[in-house]
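Dropping entry29.json in here (JSON, C-alpha atoms (C1' of nucleotides)):
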[["chain", "number", "residue", "atom", "x", "y", "z"],
["A", 1, "MET", "CA", -87.38, -27.70, -28.28],
["A", 2, "ASP", "CA", -85.76, -24.58, -29.68],
["A", 3, "PRO", "CA", -84.06, -22.70, -26.81],
["A", 4, "VAL", "CA", -85.45, -19.41, -28.00],
["A", 5, "GLN", "CA", -88.99, -20.74, -28.01],
["A", 6, "VAL", "CA", -88.38, -22.00, -24.50],
["A", 7, "ILE", "CA", -87.34, -18.58, -23.29],
["A", 8, "ALA", "CA", -90.04, -16.81, -25.28],
["A", 9, "GLU", "CA", -92.74, -18.04, -22.91],
["A", 10, "PRO", "CA", -93.29, -15.29, -20.30],
["A", 11, "ARG", "CA", -93.99, -17.65, -17.44],
["A", 12, "ARG", "CA", -90.78, -19.52, -18.07],
["A", 13, "ARG", "CA", -88.83, -16.27, -18.10],
["A", 14, "GLU", "CA", -90.36, -15.41, -14.76],
["A", 15, "ILE", "CA", -89.31, -18.80, -13.44],
["A", 16, "LEU", "CA", -85.78, -18.18, -14.64],
["A", 17, "ARG", "CA", -85.76, -14.91, -12.80],
["A", 18, "LEU", "CA", -86.83, -16.61, -9.58],
["A", 19, "ILE", "CA", -84.01, -19.13, -9.74],
["A", 20, "TRP", "CA", -81.45, -16.82, -11.30],
["A", 21, "ASP", "CA", -79.20, -16.44, -8.28],
["A", 22, "ALA", "CA", -80.77, -18.74, -5.75],
["A", 23, "GLU", "CA", -82.06, -22.27, -5.99],
["A", 24, "ARG", "CA", -85.67, -22.99, -5.06],
["A", 25, "GLN", "CA", -87.76, -26.10, -4.77],
["A", 26, "ALA", "CA", -90.46, -26.69, -7.33],
["A", 27, "GLY", "CA", -93.31, -26.08, -4.91],
["A", 28, "ASP", "CA", -91.77, -22.83, -3.83],
["A", 29, "ILE", "CA", -91.60, -21.73, -7.45],
["A", 30, "ALA", "CA", -95.17, -22.77, -8.10],
["A", 31, "ASP", "CA", -96.36, -20.66, -5.18],
["A", 32, "HIS", "CA", -95.32, -17.55, -7.07],
["A", 33, "PHE", "CA", -97.87, -18.19, -9.79],
["A", 34, "GLU", "CA", -101.59, -18.49, -10.03],
["A", 35, "VAL", "CA", -101.58, -21.58, -12.15],
["A", 36, "THR", "CA", -101.50, -25.22, -11.12],
["A", 37, "PHE", "CA", -98.49, -26.97, -9.71],
["A", 38, "GLY", "CA", -98.78, -29.27, -12.68],
["A", 39, "ALA", "CA", -98.52, -26.39, -15.11],
["A", 40, "ILE", "CA", -95.35, -25.11, -13.46],
["A", 41, "SER", "CA", -93.92, -28.60, -13.35],
["A", 42, "GLN", "CA", -94.46, -28.83, -17.09],
["A", 43, "HIS", "CA", -92.64, -25.54, -17.60],
["A", 44, "LEU", "CA", -89.79, -26.80, -15.47],
["A", 45, "GLY", "CA", -89.70, -29.93, -17.58],
["A", 46, "VAL", "CA", -89.36, -27.86, -20.73],
["A", 47, "LEU", "CA", -86.58, -25.79, -19.20],
["A", 48, "ARG", "CA", -84.88, -28.95, -18.00],
["A", 49, "ARG", "CA", -84.99, -30.68, -21.37],
["A", 50, "ALA", "CA", -83.61, -27.53, -22.97],
["A", 51, "GLY", "CA", -80.70, -27.61, -20.55],
["A", 52, "LEU", "CA", -81.49, -24.17, -19.21],
["A", 53, "VAL", "CA", -82.01, -25.18, -15.59],
["A", 54, "LEU", "CA", -80.28, -27.56, -13.24],
["A", 55, "VAL", "CA", -81.88, -29.77, -10.62],
["A", 56, "ARG", "CA", -80.64, -31.07, -7.32],
["A", 57, "ARG", "CA", -82.66, -33.71, -5.55],
["A", 58, "ASP", "CA", -82.96, -33.87, -1.80],
["A", 59, "GLY", "CA", -85.44, -36.46, -0.63],
["A", 60, "THR", "CA", -88.74, -35.80, -2.34],
["A", 61, "ARG", "CA", -87.83, -32.23, -3.09],
["A", 62, "ARG", "CA", -86.18, -30.90, -6.23],
["A", 63, "TYR", "CA", -84.18, -27.76, -6.11],
["A", 64, "TYR", "CA", -83.98, -25.84, -9.35],
["A", 65, "ARG", "CA", -81.57, -23.16, -10.39],
["A", 66, "ALA", "CA", -80.77, -21.38, -13.63],
["A", 67, "ASN", "CA", -77.99, -22.83, -15.71],
["A", 68, "ARG", "CA", -76.17, -19.53, -16.08],
["A", 69, "PRO", "CA", -73.43, -20.72, -18.46],
["A", 70, "ALA", "CA", -76.00, -22.22, -20.81],
["A", 71, "LEU", "CA", -78.03, -19.03, -20.61],
["A", 72, "ALA", "CA", -75.06, -16.81, -21.39],
["A", 73, "PRO", "CA", -76.17, -15.95, -24.94],
["A", 74, "PHE", "CA", -79.53, -14.81, -23.57],
["A", 75, "GLU", "CA", -78.26, -12.93, -20.58],
["A", 76, "ALA", "CA", -78.19, -9.50, -22.20],
["A", 77, "MET", "CA", -81.72, -10.04, -23.44],
["A", 78, "LEU", "CA", -83.09, -11.29, -20.13],
["A", 79, "GLU", "CA", -81.60, -8.45, -18.17],
["A", 80, "GLN", "CA", -83.03, -5.87, -20.54],
["A", 81, "MET", "CA", -86.43, -7.48, -20.25],
["A", 82, "TRP", "CA", -86.30, -7.66, -16.49],
["A", 83, "ALA", "CA", -85.32, -4.03, -16.44],
["A", 84, "GLY", "CA", -88.53, -3.36, -18.34],
["A", 85, "GLN", "CA", -86.74, -1.65, -21.19],
["A", 86, "LEU", "CA", -87.98, -3.71, -24.09],
["A", 87, "ASP", "CA", -91.66, -3.15, -23.47],
["A", 88, "ARG", "CA", -91.14, 0.52, -24.04],
["A", 89, "LEU", "CA", -89.45, -0.15, -27.33],
["A", 90, "ALA", "CA", -92.52, -2.03, -28.48],
["A", 91, "GLU", "CA", -94.75, 0.89, -27.50],
["A", 92, "LEU", "CA", -92.51, 3.27, -29.40],
["A", 93, "ALA", "CA", -92.62, 1.08, -32.47],
["A", 94, "GLU", "CA", -96.39, 1.03, -32.49],
["A", 95, "LEU", "CA", -96.54, 4.79, -32.20],
["A", 96, "ALA", "CA", -94.16, 5.11, -35.12],
["A", 97, "GLU", "CA", -96.33, 2.71, -37.07],
["A", 98, "ALA", "CA", -99.50, 4.63, -36.26],
["A", 99, "GLY", "CA", -98.19, 8.08, -37.15],
["A", 100, "ASP", "CA", -96.86, 6.57, -40.32],
["A", 101, "ARG", "CA", -97.54, 9.16, -42.93],
["A", 102, "THR", "CA", -97.10, 12.14, -40.63],
["A", 103, "SER", "CA", -93.35, 11.71, -40.18],
["A", 104, "ALA", "CA", -91.43, 11.07, -43.36],
["A", 105, "ALA", "CA", -88.21, 11.51, -41.41],
["A", 106, "ALA", "CA", -88.99, 8.40, -39.40],
["A", 107, "ARG", "CA", -88.74, 6.37, -42.57],
["A", 108, "THR", "CA", -85.61, 7.88, -44.05],
["A", 109, "GLU", "CA", -83.71, 8.30, -40.77],
["A", 110, "PRO", "CA", -85.40, 5.88, -38.43],
["A", 111, "ALA", "CA", -82.36, 4.58, -36.61],
["A", 112, "LYS", "CA", -82.46, 7.73, -34.60],
["A", 113, "ALA", "CA", -86.11, 7.30, -33.73],
["A", 114, "LEU", "CA", -86.01, 3.67, -32.70],
["A", 115, "GLY", "CA", -82.38, 3.02, -31.97],
["A", 116, "ARG", "CA", -80.23, 2.95, -28.89],
["A", 117, "THR", "CA", -81.05, 6.51, -27.93],
["A", 118, "ALA", "CA", -84.74, 5.77, -27.82],
["A", 119, "LEU", "CA", -84.20, 3.56, -24.82],
["A", 120, "GLU", "CA", -82.94, 6.37, -22.68],
["A", 121, "ASP", "CA", -84.77, 9.61, -23.39],
["A", 122, "LEU", "CA", -88.44, 8.77, -23.44],
["A", 123, "PRO", "CA", -91.44, 10.99, -22.71],
["B", 1, "MET", "CA", -96.28, -8.16, -29.40],
["B", 2, "ASP", "CA", -93.51, -9.24, -27.09],
["B", 3, "PRO", "CA", -90.15, -8.75, -28.86],
["B", 4, "VAL", "CA", -88.93, -12.14, -27.73],
["B", 5, "GLN", "CA", -91.96, -13.87, -29.16],
["B", 6, "VAL", "CA", -91.34, -12.03, -32.38],
["B", 7, "ILE", "CA", -87.79, -13.31, -32.60],
["B", 8, "ALA", "CA", -88.73, -16.77, -31.42],
["B", 9, "GLU", "CA", -90.36, -17.55, -34.77],
["B", 10, "PRO", "CA", -87.71, -19.32, -36.92],
["B", 11, "ARG", "CA", -88.83, -17.80, -40.19],
["B", 12, "ARG", "CA", -88.61, -14.31, -38.77],
["B", 13, "ARG", "CA", -85.12, -15.00, -37.51],
["B", 14, "GLU", "CA", -84.17, -16.12, -40.97],
["B", 15, "ILE", "CA", -85.61, -12.91, -42.37],
["B", 16, "LEU", "CA", -83.55, -10.92, -39.91],
["B", 17, "ARG", "CA", -80.46, -12.72, -41.04],
["B", 18, "LEU", "CA", -81.20, -11.84, -44.67],
["B", 19, "ILE", "CA", -81.50, -8.15, -43.92],
["B", 20, "TRP", "CA", -78.88, -8.05, -41.21],
["B", 21, "ASP", "CA", -76.24, -6.09, -43.10],
["B", 22, "ALA", "CA", -77.95, -5.33, -46.39],
["B", 23, "GLU", "CA", -81.37, -4.01, -47.19],
["B", 24, "ARG", "CA", -83.65, -6.04, -49.44],
["B", 25, "GLN", "CA", -87.04, -5.51, -50.96],
["B", 26, "ALA", "CA", -89.94, -7.57, -49.68],
["B", 27, "GLY", "CA", -90.25, -9.65, -52.82],
["B", 28, "ASP", "CA", -86.57, -10.45, -52.72],
["B", 29, "ILE", "CA", -86.94, -11.67, -49.17],
["B", 30, "ALA", "CA", -90.00, -13.72, -50.02],
["B", 31, "ASP", "CA", -88.07, -15.48, -52.80],
["B", 32, "HIS", "CA", -85.86, -17.07, -50.18],
["B", 33, "PHE", "CA", -88.74, -19.00, -48.70],
["B", 34, "GLU", "CA", -91.18, -21.61, -49.86],
["B", 35, "VAL", "CA", -94.23, -19.95, -48.42],
["B", 36, "THR", "CA", -96.51, -17.34, -49.91],
["B", 37, "PHE", "CA", -95.55, -13.75, -50.43],
["B", 38, "GLY", "CA", -98.49, -12.94, -48.18],
["B", 39, "ALA", "CA", -97.07, -15.03, -45.38],
["B", 40, "ILE", "CA", -93.72, -13.25, -45.56],
["B", 41, "SER", "CA", -95.45, -9.91, -45.70],
["B", 42, "GLN", "CA", -97.24, -10.80, -42.50],
["B", 43, "HIS", "CA", -93.96, -11.68, -40.85],
["B", 44, "LEU", "CA", -92.51, -8.39, -42.00],
["B", 45, "GLY", "CA", -95.53, -6.64, -40.53],
["B", 46, "VAL", "CA", -94.91, -8.27, -37.17],
["B", 47, "LEU", "CA", -91.24, -7.33, -37.25],
["B", 48, "ARG", "CA", -92.18, -3.80, -38.25],
["B", 49, "ARG", "CA", -94.72, -3.32, -35.49],
["B", 50, "ALA", "CA", -92.17, -4.65, -32.99],
["B", 51, "GLY", "CA", -89.70, -2.04, -34.19],
["B", 52, "LEU", "CA", -87.15, -4.65, -35.14],
["B", 53, "VAL", "CA", -86.90, -3.74, -38.82],
["B", 54, "LEU", "CA", -86.87, -0.49, -40.75],
["B", 55, "VAL", "CA", -88.49, 0.22, -44.08],
["B", 56, "ARG", "CA", -87.58, 2.55, -46.88],
["B", 57, "ARG", "CA", -90.07, 3.09, -49.67],
["B", 58, "ASP", "CA", -89.04, 3.61, -53.24],
["B", 59, "GLY", "CA", -91.94, 3.67, -55.63],
["B", 60, "THR", "CA", -93.89, 0.48, -55.18],
["B", 61, "ARG", "CA", -90.98, -1.27, -53.56],
["B", 62, "ARG", "CA", -90.22, -1.47, -49.87],
["B", 63, "TYR", "CA", -86.71, -2.01, -48.73],
["B", 64, "TYR", "CA", -86.33, -3.68, -45.37],
["B", 65, "ARG", "CA", -83.32, -3.82, -43.11],
["B", 66, "ALA", "CA", -82.69, -4.95, -39.56],
["B", 67, "ASN", "CA", -82.91, -2.30, -36.89],
["B", 68, "ARG", "CA", -79.56, -3.18, -35.39],
["B", 69, "PRO", "CA", -79.70, -0.80, -32.41],
["B", 70, "ALA", "CA", -83.10, -2.10, -31.41],
["B", 71, "LEU", "CA", -81.84, -5.65, -31.78],
["B", 72, "ALA", "CA", -78.75, -5.04, -29.68],
["B", 73, "PRO", "CA", -80.00, -7.01, -26.65],
["B", 74, "PHE", "CA", -80.61, -10.01, -28.89],
["B", 75, "GLU", "CA", -77.44, -9.80, -30.90],
["B", 76, "ALA", "CA", -75.46, -12.28, -28.83],
["B", 77, "MET", "CA", -78.32, -14.74, -29.03],
["B", 78, "LEU", "CA", -78.87, -14.37, -32.75],
["B", 79, "GLU", "CA", -75.21, -14.82, -33.57],
["B", 80, "GLN", "CA", -74.98, -17.95, -31.48],
["B", 81, "MET", "CA", -78.01, -19.35, -33.23],
["B", 82, "TRP", "CA", -76.74, -18.50, -36.66],
["B", 83, "ALA", "CA", -73.48, -20.15, -35.76],
["B", 84, "GLY", "CA", -75.50, -23.28, -35.00],
["B", 85, "GLN", "CA", -74.22, -23.54, -31.47],
["B", 86, "LEU", "CA", -77.44, -23.58, -29.54],
["B", 87, "ASP", "CA", -78.91, -26.59, -31.27],
["B", 88, "ARG", "CA", -76.08, -28.70, -29.97],
["B", 89, "LEU", "CA", -76.74, -27.54, -26.45],
["B", 90, "ALA", "CA", -80.28, -28.82, -26.76],
["B", 91, "GLU", "CA", -79.04, -32.21, -27.94],
["B", 92, "LEU", "CA", -76.67, -32.38, -25.03],
["B", 93, "ALA", "CA", -79.41, -31.54, -22.59],
["B", 94, "GLU", "CA", -81.60, -34.33, -23.87],
["B", 95, "LEU", "CA", -78.79, -36.80, -23.55],
["B", 96, "ALA", "CA", -78.20, -35.70, -19.98],
["B", 97, "GLU", "CA", -81.91, -36.10, -19.34],
["B", 98, "ALA", "CA", -81.97, -39.57, -20.85],
["B", 99, "GLY", "CA", -78.97, -40.94, -19.02],
["B", 100, "ASP", "CA", -80.41, -39.47, -15.88],
["B", 101, "ARG", "CA", -79.74, -42.04, -13.24],
["B", 102, "THR", "CA", -76.49, -43.29, -14.70],
["B", 103, "SER", "CA", -74.48, -40.16, -13.95],
["B", 104, "ALA", "CA", -74.94, -38.79, -10.47],
["B", 105, "ALA", "CA", -72.13, -36.34, -11.15],
["B", 106, "ALA", "CA", -74.21, -34.66, -13.82],
["B", 107, "ARG", "CA", -76.71, -33.68, -11.18],
["B", 108, "THR", "CA", -74.38, -32.50, -8.48],
["B", 109, "GLU", "CA", -71.85, -30.79, -10.76],
["B", 110, "PRO", "CA", -73.80, -30.18, -13.94],
["B", 111, "ALA", "CA", -72.48, -26.72, -14.75],
["B", 112, "LYS", "CA", -69.43, -28.45, -16.08],
["B", 113, "ALA", "CA", -71.48, -30.81, -18.21],
["B", 114, "LEU", "CA", -73.79, -28.27, -19.76],
["B", 115, "GLY", "CA", -71.97, -25.01, -19.33],
["B", 116, "ARG", "CA", -69.70, -22.94, -21.44],
["B", 117, "THR", "CA", -67.25, -25.74, -22.00],
["B", 118, "ALA", "CA", -69.93, -27.99, -23.45],
["B", 119, "LEU", "CA", -70.18, -25.71, -26.45],
["B", 120, "GLU", "CA", -66.63, -26.34, -27.47],
["B", 121, "ASP", "CA", -65.54, -29.90, -26.82],
["B", 122, "LEU", "CA", -68.28, -32.15, -28.08],
["B", 123, "PRO", "CA", -68.11, -35.77, -29.22],
["C", 1, "DT", "C1'", -96.26, -51.93, 5.41],
["C", 2, "DC", "C1'", -99.14, -48.18, 4.57],
["C", 3, "DC", "C1'", -99.62, -43.46, 3.94],
["C", 4, "DA", "C1'", -98.64, -38.76, 2.98],
["C", 5, "DA", "C1'", -95.78, -35.25, 0.71],
["C", 6, "DA", "C1'", -93.53, -33.48, -3.37],
["C", 7, "DC", "C1'", -93.31, -33.86, -7.96],
["C", 8, "DT", "C1'", -94.05, -35.60, -12.80],
["C", 9, "DT", "C1'", -96.81, -37.20, -16.50],
["C", 10, "DG", "C1'", -100.99, -38.00, -19.50],
["C", 11, "DA", "C1'", -105.53, -36.88, -21.62],
["C", 12, "DG", "C1'", -108.32, -33.49, -23.26],
["C", 13, "DC", "C1'", -109.66, -28.62, -24.05],
["C", 14, "DC", "C1'", -109.06, -24.05, -25.82],
["C", 15, "DG", "C1'", -106.86, -19.92, -27.59],
["C", 16, "DA", "C1'", -103.02, -18.07, -30.26],
["C", 17, "DC", "C1'", -100.75, -17.98, -34.50],
["C", 18, "DA", "C1'", -98.68, -19.24, -39.11],
["C", 19, "DC", "C1'", -100.31, -20.44, -43.43],
["C", 20, "DT", "C1'", -103.25, -20.19, -48.01],
["C", 21, "DA", "C1'", -106.17, -17.90, -51.05],
["C", 22, "DA", "C1'", -108.21, -13.92, -52.43],
["C", 23, "DA", "C1'", -109.33, -9.16, -52.16],
["C", 24, "DG", "C1'", -107.52, -4.47, -51.36],
["C", 25, "DT", "C1'", -104.10, -0.43, -51.92],
["C", 26, "DA", "C1'", -100.85, 2.44, -54.13],
["C", 27, "DG", "C1'", -97.28, 3.97, -57.36],
["C", 28, "DG", "C1'", -95.48, 4.09, -62.17],
["C", 29, "DC", "C1'", -96.17, 3.66, -67.16],
["C", 30, "DT", "C1'", -98.34, 4.06, -71.58],
["D", 1, "DA", "C1'", -107.85, 6.68, -67.69],
["D", 2, "DG", "C1'", -106.47, 2.05, -67.37],
["D", 3, "DC", "C1'", -103.38, -1.52, -66.28],
["D", 4, "DC", "C1'", -99.43, -3.75, -64.20],
["D", 5, "DT", "C1'", -96.27, -4.43, -60.51],
["D", 6, "DA", "C1'", -95.20, -4.69, -55.67],
["D", 7, "DC", "C1'", -96.95, -5.21, -51.61],
["D", 8, "DT", "C1'", -100.49, -5.40, -47.57],
["D", 9, "DT", "C1'", -104.56, -7.04, -45.45],
["D", 10, "DT", "C1'", -108.56, -10.05, -44.52],
["D", 11, "DA", "C1'", -111.07, -14.41, -43.86],
["D", 12, "DG", "C1'", -110.80, -18.95, -42.94],
["D", 13, "DT", "C1'", -108.24, -23.25, -41.60],
["D", 14, "DG", "C1'", -105.08, -26.42, -39.15],
["D", 15, "DT", "C1'", -101.60, -26.94, -35.73],
["D", 16, "DC", "C1'", -99.13, -26.22, -31.61],
["D", 17, "DG", "C1'", -98.66, -25.34, -26.93],
["D", 18, "DG", "C1'", -100.20, -24.01, -22.28],
["D", 19, "DC", "C1'", -103.70, -25.00, -18.99],
["D", 20, "DT", "C1'", -106.66, -28.08, -15.80],
["D", 21, "DC", "C1'", -107.67, -32.20, -13.76],
["D", 22, "DA", "C1'", -106.51, -36.64, -12.61],
["D", 23, "DA", "C1'", -103.50, -40.49, -12.29],
["D", 24, "DG", "C1'", -98.73, -42.17, -11.65],
["D", 25, "DT", "C1'", -93.97, -42.19, -9.28],
["D", 26, "DT", "C1'", -90.68, -41.81, -5.65],
["D", 27, "DT", "C1'", -89.08, -40.82, -1.08],
["D", 28, "DG", "C1'", -89.51, -40.47, 4.01],
["D", 29, "DG", "C1'", -91.69, -41.50, 8.05],
["D", 30, "DA", "C1'", -95.30, -43.64, 11.39]]
Rendering of file as structure tokens:
Amino acid sequence: MDPVQVIAEPRRREILRLIWDAERQAGDIADHFEVTFGAISQHLGVLRRAGLVLVRRDGTRRYYRANRPALAPFEAMLEQMWAGQLDRLAELAELAEAGDRTSAAARTEPAKALGRTALEDLP
Amino acid sequence: MDPVQVIAEPRRREILRLIWDAERQAGDIADHFEVTFGAISQHLGVLRRAGLVLVRRDGTRRYYRANRPALAPFEAMLEQMWAGQLDRLAELAELAEAGDRTSAAARTEPAKALGRTALEDLP
DNA sequence: TCCAAACTTGAGCCGACACTAAAGTAGGCT
DNA sequence: AGCCTACTTTAGTGTCGGCTCAAGTTTGGA
């Protein structure tokens, strides 16, 4: 499966966050969610097949952790998301879309409205 | 819509690549694909509402370009994908999954097998 | 050997979403 | 005004993927 599609799933991103700098056993991970153990196990399977997590077996338990090197290209993205920055961008974009005709400047000089600066100084 | 989900769609990523460092009109973009103009227009709408592209109107034409600042967190990822690196990682991961029991080392020291180095020296 | 714990896997269901086809909108031209 | 071009939007359809529930697998211990 396409690595990006794998990471696009919110639950899987949350899993990655849980095992980002500490390994956890599957059951432990599942406890953090309100879905079935089976569902989480399936997510872990997807992450595993994509090479984004690593497993260590100890008896019947399986300890998962994020495969940081493999995730390197996504690291910037993940950290921004976990910092809650990107959601705000989406909100901004929808506002800009809504007040479409009212602000001609947003169309001719929009980099200023939606660019890097927008992430810092928000209402 | 979640920015990551927006980018996860392969066609939309291809669109982003087309308008990465040059603006293009919608019809021009649509010509690069084998789907309907309507379909591409919908993709552009999604990208627009997510704030990932910018539009400039000129008469009946609409010129799209990538909103580079907004895409900054994804830039590393996109470039890796466009360089075709990430697909190979996925292949590798599946191999590792398949030859599961044959290589105990891959489980105990897998960062070396699937990490940064794996992207360079491949069979 | 039998059982329980910790996971994985399979079948089936349901909602989300990308596509087509067709209708709608808006600017420029004669 | 009327039409054409360039695009967007809507309605309807098929597919894909995430979920539940249930069955299967593997390991450790009584």
Could you pull the residues within 7 Å of B:Leu47, counting all atoms listed in the file, minus those fewer than 5 positions along the same chain, as a list in words? Val6, Leu52 and Val53 of chain B
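Atom C1' of D:DT5 to atom CA of B:Gly45 spans 20.1 Å [interatomic distance, one decimal].
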One-decimal distance in Å that lies between atom CA of B:Gly59 and atom CA of B:Asp28: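 Between atom CA of B:Asp28 and atom CA of B:Gly59 the gap is 15.4 Å.
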Residue contacts of D:DT27 (9 Å, all atoms listed in the file) excluding same-chain residues fewer than 6 positions away, as a list in words: Gly59, Thr60 and Arg61 of chain A; DA5 and DA6 of chain C
If we count only C-alpha atoms (C1' of nucleotides), what is near B:Ile15 at a cut-off of 9 Å, once residues fewer than 6 positions away on the same chain are taken out, given as a list in words?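 Residues meeting the cut-off are Ile29, Ala30, His32, Ile40, His43, Leu44 and Ala66 of chain B.
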Counting all atoms listed in the file, collect the residues of chain A whose closest atom lies at most 12 Å from chain D, and write them out as JSON, numbers by chain. {"A": [1, 5, 6, 9, 10, 11, 12, 34, 35, 36, 37, 38, 39, 40, 41, 42, 43, 46, 57, 58, 59, 60, 61, 62]}
How would the residues just picked look written out with C-alpha atoms as a PDB file, in the coordinates of the input?
ATOM      1  CA  MET A   1     -87.380 -27.700 -28.280  1.00  0.00           C
ATOM      2  CA  GLN A   5     -88.990 -20.740 -28.010  1.00  0.00           C
ATOM      3  CA  VAL A   6     -88.380 -22.000 -24.500  1.00  0.00           C
ATOM      4  CA  GLU A   9     -92.740 -18.040 -22.910  1.00  0.00           C
ATOM      5  CA  PRO A  10     -93.290 -15.290 -20.300  1.00  0.00           C
ATOM      6  CA  ARG A  11     -93.990 -17.650 -17.440  1.00  0.00           C
ATOM      7  CA  ARG A  12     -90.780 -19.520 -18.070  1.00  0.00           C
ATOM      8  CA  GLU A  34    -101.590 -18.490 -10.030  1.00  0.00           C
ATOM      9  CA  VAL A  35    -101.580 -21.580 -12.150  1.00  0.00           C
ATOM     10  CA  THR A  36    -101.500 -25.220 -11.120  1.00  0.00           C
ATOM     11  CA  PHE A  37     -98.490 -26.970  -9.710  1.00  0.00           C
ATOM     12  CA  GLY A  38     -98.780 -29.270 -12.680  1.00  0.00           C
ATOM     13  CA  ALA A  39     -98.520 -26.390 -15.110  1.00  0.00           C
ATOM     14  CA  ILE A  40     -95.350 -25.110 -13.460  1.00  0.00           C
ATOM     15  CA  SER A  41     -93.920 -28.600 -13.350  1.00  0.00           C
ATOM     16  CA  GLN A  42     -94.460 -28.830 -17.090  1.00  0.00           C
ATOM     17  CA  HIS A  43     -92.640 -25.540 -17.600  1.00  0.00           C
ATOM     18  CA  VAL A  46     -89.360 -27.860 -20.730  1.00  0.00           C
ATOM     19  CA  ARG A  57     -82.660 -33.710  -5.550  1.00  0.00           C
ATOM     20  CA  ASP A  58     -82.960 -33.870  -1.800  1.00  0.00           C
ATOM     21  CA  GLY A  59     -85.440 -36.460  -0.630  1.00  0.00           C
ATOM     22  CA  THR A  60     -88.740 -35.800  -2.340  1.00  0.00           C
ATOM     23  CA  ARG A  61     -87.830 -32.230  -3.090  1.00  0.00           C
ATOM     24  CA  ARG A  62     -86.180 -30.900  -6.230  1.00  0.00           C
TER      25      ARG A  62
END
Listing only residues of chain C within 9 Å of chain B, what is the closest atom pair and its distance in Å (to one decimal) for each, using all atoms listed in the file, sorted by chain and residue number ascending, as JSON lines?
{"residue": "C:DA18", "atom": "C1'", "partner": "B:Ala39", "partner_atom": "CA", "distance": 7.7}
{"residue": "C:DC19", "atom": "C1'", "partner": "B:Ala39", "partner_atom": "CA", "distance": 6.6}
{"residue": "C:DT20", "atom": "C1'", "partner": "B:Thr36", "partner_atom": "CA", "distance": 7.6}
{"residue": "C:DA26", "atom": "C1'", "partner": "B:Thr60", "partner_atom": "CA", "distance": 7.3}
{"residue": "C:DG27", "atom": "C1'", "partner": "B:Thr60", "partner_atom": "CA", "distance": 5.3}
{"residue": "C:DG28", "atom": "C1'", "partner": "B:Gly59", "partner_atom": "CA", "distance": 7.4}
Separation of atom CA of A:Glu23 from atom C1' of C:DC7, in Å and rounded to one decimal: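 It comes out at 16.3 Å.
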Counting all atoms listed in the file, which residue out of A:Asp31, A:Asp2, A:Asp21, A:Glu14 sits closest to chain B? A:Asp2
Reconstructed N, CA and C atoms for stretch 1-14 of chain A, given as an mmCIF file, in the frame of the given file:
data_model
loop_
_atom_site.group_PDB
_atom_site.id
_atom_site.type_symbol
_atom_site.label_atom_id
_atom_site.label_comp_id
_atom_site.auth_asym_id
_atom_site.auth_seq_id
_atom_site.Cartn_x
_atom_site.Cartn_y
_atom_site.Cartn_z
ATOM 1 N N MET A 1 -86.703 -28.953 -27.887
ATOM 2 C CA MET A 1 -87.380 -27.700 -28.280
ATOM 3 C C MET A 1 -86.368 -26.573 -28.456
ATOM 4 N N ASP A 2 -86.611 -25.729 -29.393
ATOM 5 C CA ASP A 2 -85.760 -24.580 -29.680
ATOM 6 C C ASP A 2 -85.587 -23.695 -28.445
ATOM 7 N N PRO A 3 -84.342 -23.486 -28.020
ATOM 8 C CA PRO A 3 -84.060 -22.700 -26.810
ATOM 9 C C PRO A 3 -84.760 -21.357 -26.804
ATOM 10 N N VAL A 4 -84.823 -20.725 -27.949
ATOM 11 C CA VAL A 4 -85.450 -19.410 -28.000
ATOM 12 C C VAL A 4 -86.945 -19.512 -27.723
ATOM 13 N N GLN A 5 -87.568 -20.538 -28.272
ATOM 14 C CA GLN A 5 -88.990 -20.740 -28.010
ATOM 15 C C GLN A 5 -89.204 -20.997 -26.521
ATOM 16 N N VAL A 6 -88.259 -21.703 -25.924
ATOM 17 C CA VAL A 6 -88.380 -22.000 -24.500
ATOM 18 C C VAL A 6 -88.378 -20.714 -23.701
ATOM 19 N N ILE A 7 -87.470 -19.823 -24.031
ATOM 20 C CA ILE A 7 -87.340 -18.580 -23.290
ATOM 21 C C ILE A 7 -88.438 -17.580 -23.655
ATOM 22 N N ALA A 8 -89.023 -17.761 -24.811
ATOM 23 C CA ALA A 8 -90.040 -16.810 -25.280
ATOM 24 C C ALA A 8 -91.280 -16.823 -24.388
ATOM 25 N N GLU A 9 -91.566 -17.929 -23.776
ATOM 26 C CA GLU A 9 -92.740 -18.040 -22.910
ATOM 27 C C GLU A 9 -92.554 -17.199 -21.646
ATOM 28 N N PRO A 10 -93.441 -16.229 -21.421
ATOM 29 C CA PRO A 10 -93.290 -15.290 -20.300
ATOM 30 C C PRO A 10 -93.181 -15.965 -18.941
ATOM 31 N N ARG A 11 -94.021 -16.972 -18.731
ATOM 32 C CA ARG A 11 -93.990 -17.650 -17.440
ATOM 33 C C ARG A 11 -92.645 -18.291 -17.190
ATOM 34 N N ARG A 12 -92.084 -18.877 -18.246
ATOM 35 C CA ARG A 12 -90.780 -19.520 -18.070
ATOM 36 C C ARG A 12 -89.700 -18.495 -17.788
ATOM 37 N N ARG A 13 -89.810 -17.320 -18.397
ATOM 38 C CA ARG A 13 -88.830 -16.270 -18.100
ATOM 39 C C ARG A 13 -88.937 -15.856 -16.647
ATOM 40 N N GLU A 14 -90.153 -15.795 -16.154
ATOM 41 C CA GLU A 14 -90.360 -15.410 -14.760
ATOM 42 C C GLU A 14 -89.749 -16.469 -13.834
#
